[in-house]
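Student: What follows is a structure written as structure tokens; I'll ask about it next.
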Amino acid sequence: MKILMGTKNPGKIQGAKEAFEKYFDNVKIQGIAVESEVGDQPFNQEIVKGAKNRVKNLKKYAKENQLEPDFYISSEAGITNSLGEWIDINCAVIEDSKGFQSVGTSQGFPIPEKYIEEIKETELGKVMDKIFNGKELSKGKGGISYLTKDEVSRIDLTKSAFIMALTKHINGDIWK
């Protein structure tokens with residue numbers, strides 16, 4: 001199974017691979033850097049918009065390069081206050097070769113209000129790097145691994161979002 005993913009981030013690619021391998025054999029994911037067309041720090045509706053834009057741009061890339069994958073996928077992390085509190089979530093978008101698209105999200109973790117303005121001016125990863133004296137926490141395990149004392153990683157959040165999005169692809173017409 002050939003999958004194009006709209007990122008070169010190794011943690012996101014690993015999370016997607018683990019999700020797809022639960023349901024499909026011979027999963028091969030090619031990471032391609034494509035634009036999200038939203039800011040570096042997506043907020044609220046920009047999260048899903050960015051993920052959908054990455055899929056749109058992957059499809060354009062595939063057409064230009066004569067690639068025919070089984071799935072186009074993307075993941076966009078961002079913060080939302082749609083539930084009345086600031087939380088960080090991952091949004092996954094999956095589109096099959098016939099154009100059927102689905103969306104899923106990961107569980108979210110709370111963001112203290114005291115960091116929101118700084119995050120808006122930069123991005124969550126940079127703020128967490130500063131807080132935890134790390135470098136590029138958004139890659140690999142991610143800042144969530146620090147917050148949960150290695151109980152949950154960025155890979156886990158990405159995997160969870162893709163499993164949720166896959167529910168419309170793995171259950172036939174019953175869940176479409």
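We name chains A, B, ... following the order of the structure tokens; residues begin at 1 in each chain, and ligands are numbered from 1 as shown.
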List every residue of segment 35-88 of chain A that has an atom at most 10 Å from any atom of segment 162-169 of chain A, giving for each one its closest atom pair and the distance in Å to one decimal, counting only C-alpha atoms, sorted by chain and then by ascending residue number, as a Markdown table.

Tutor:
```
| residue | atom | partner | partner_atom | distance |
| --- | --- | --- | --- | --- |
| A:Ile73 | CA | A:Phe162 | CA | 8.8 |
| A:Ser74 | CA | A:Phe162 | CA | 8.9 |
| A:Ser75 | CA | A:Phe162 | CA | 8.2 |
```

Student: How close does segment 53-152 of chain A get to segment 23-44 of chain A? List, as a tab-separated table, each residue of segment 53-152 of chain A within 8 Å, its nearest atom pair and the distance in Å to one decimal, counting only C-alpha atoms.

Tutor:
```
residue	atom	partner	partner_atom	distance
A:Asn53	CA	A:Ser36	CA	5.3
A:Arg54	CA	A:Ser36	CA	5.0
A:Asn57	CA	A:Val34	CA	6.2
A:Leu58	CA	A:Val34	CA	6.6
A:Ala77	CA	A:Pro42	CA	7.2
A:Gly78	CA	A:Pro42	CA	4.8
A:Ile79	CA	A:Phe43	CA	5.1
A:Thr80	CA	A:Asn44	CA	4.4
A:Asn81	CA	A:Asn44	CA	6.9
A:Ser82	CA	A:Asn44	CA	6.8
A:Ile119	CA	A:Gln41	CA	7.4
A:Lys120	CA	A:Gln41	CA	6.8
A:Thr122	CA	A:Gln41	CA	7.0
A:Glu123	CA	A:Gln41	CA	4.9
A:Leu124	CA	A:Gln41	CA	7.0
```

Student: How would the residues just chosen look if you wrote them out with C-alpha atoms as a short mmCIF file (atom, residue, chain, number, x, y, z; two decimals), in the first residue's frame?

Tutor:
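Result went into result-v7.cif, see below:
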```
data_model
loop_
_atom_site.label_atom_id
_atom_site.label_comp_id
_atom_site.auth_asym_id
_atom_site.auth_seq_id
_atom_site.Cartn_x
_atom_site.Cartn_y
_atom_site.Cartn_z
CA ASN A 53 -4.78 21.97 2.35
CA ARG A 54 -1.83 19.61 2.74
CA ASN A 57 -1.31 20.06 -2.28
CA LEU A 58 -0.20 16.41 -2.11
CA ALA A 77 -1.35 20.09 15.16
CA GLY A 78 -2.76 23.25 16.65
CA ILE A 79 -4.44 24.81 19.62
CA THR A 80 -8.13 25.39 20.03
CA ASN A 81 -10.39 26.95 22.62
CA SER A 82 -13.56 25.58 21.04
CA ILE A 119 2.34 30.85 21.40
CA LYS A 120 0.26 33.09 19.12
CA THR A 122 5.58 32.21 17.68
CA GLU A 123 4.33 28.63 17.97
CA LEU A 124 3.76 26.02 20.65
#
```

Student: Which of these, A:Gly6, A:Gly125, A:Gly50, A:Pro69, has the shortest distance to Cys91 of chain A once you count only C-alpha atoms?

Tutor: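 For Cys91 of chain A, the nearest of the candidates is A:Gly50.
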
Student: Using atom CA of Gln107 of chain A and atom CA of Asp150 of chain A as the two end points, give the distance in Å to one decimal.

Tutor: 15.8 Å

Student: Excluding Glu95 of chain A and its own-chain neighbours fewer than 6 positions away, which residues fall within 6 Å of it when counting only C-alpha atoms? Please give them as a list in words.

Tutor: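 Listed by chain and then number, they are Phe71, Tyr72 and Gln101 of chain A.
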
Student: Restricting the output to C-alpha atoms, write the selected residues as a PDB file, in the first residue's frame.

Tutor:
```pdb
ATOM      1  CA  PHE A  71      -4.054   7.302   0.144  1.00  0.00           C
ATOM      2  CA  TYR A  72      -3.156  10.949   0.591  1.00  0.00           C
ATOM      3  CA  GLN A 101     -12.049  11.943   2.610  1.00  0.00           C
TER       4      GLN A 101
END
```

Student: Can you check which residues of segment 43-120 of chain A DSSP gives as strand (DSSP E) on the backbone and send them as number ranges by chain?

Tutor: A: 71-80, 87-96, 101-105, 109-110

Student: What lies within 6 Å of Ser106 of chain A using only C-alpha atoms, ignoring chain neighbours under 4 positions off, as a ChimeraX atom specification?

Tutor: /A:89-90,157,160-161

Student: Just the number, please: distance in Å from atom CA of Lys149 of chain A to atom CA of Phe109 of chain A, one decimal.

Tutor: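 These atoms are spaced 13.5 Å apart.
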
Student: What's the separation between atom CA of Glu46 of chain A and atom CA of Gly15 of chain A, in Å to one decimal place?

Tutor: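 Taking atom CA of Glu46 of chain A as the start and atom CA of Gly15 of chain A as the end point, the length is 21.4 Å.
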
Student: Which one of A:Asp96, A:Glu151, A:Asp173, A:Asp129 sits closest to Ile3 of chain A if you count only C-alpha atoms?

Tutor: A:Asp96

Student: For Lys59 of chain A, which residue out of A:Lys17, A:Lys114, A:Lys98, A:Lys176 is the nearest one, using only C-alpha atoms?

Tutor: A:Lys98

Student: With distances taken over only C-alpha atoms, which residue among A:Met5, A:Ile174, A:Ile111, A:Leu67 lies nearest Val93 of chain A?

Tutor: A:Met5
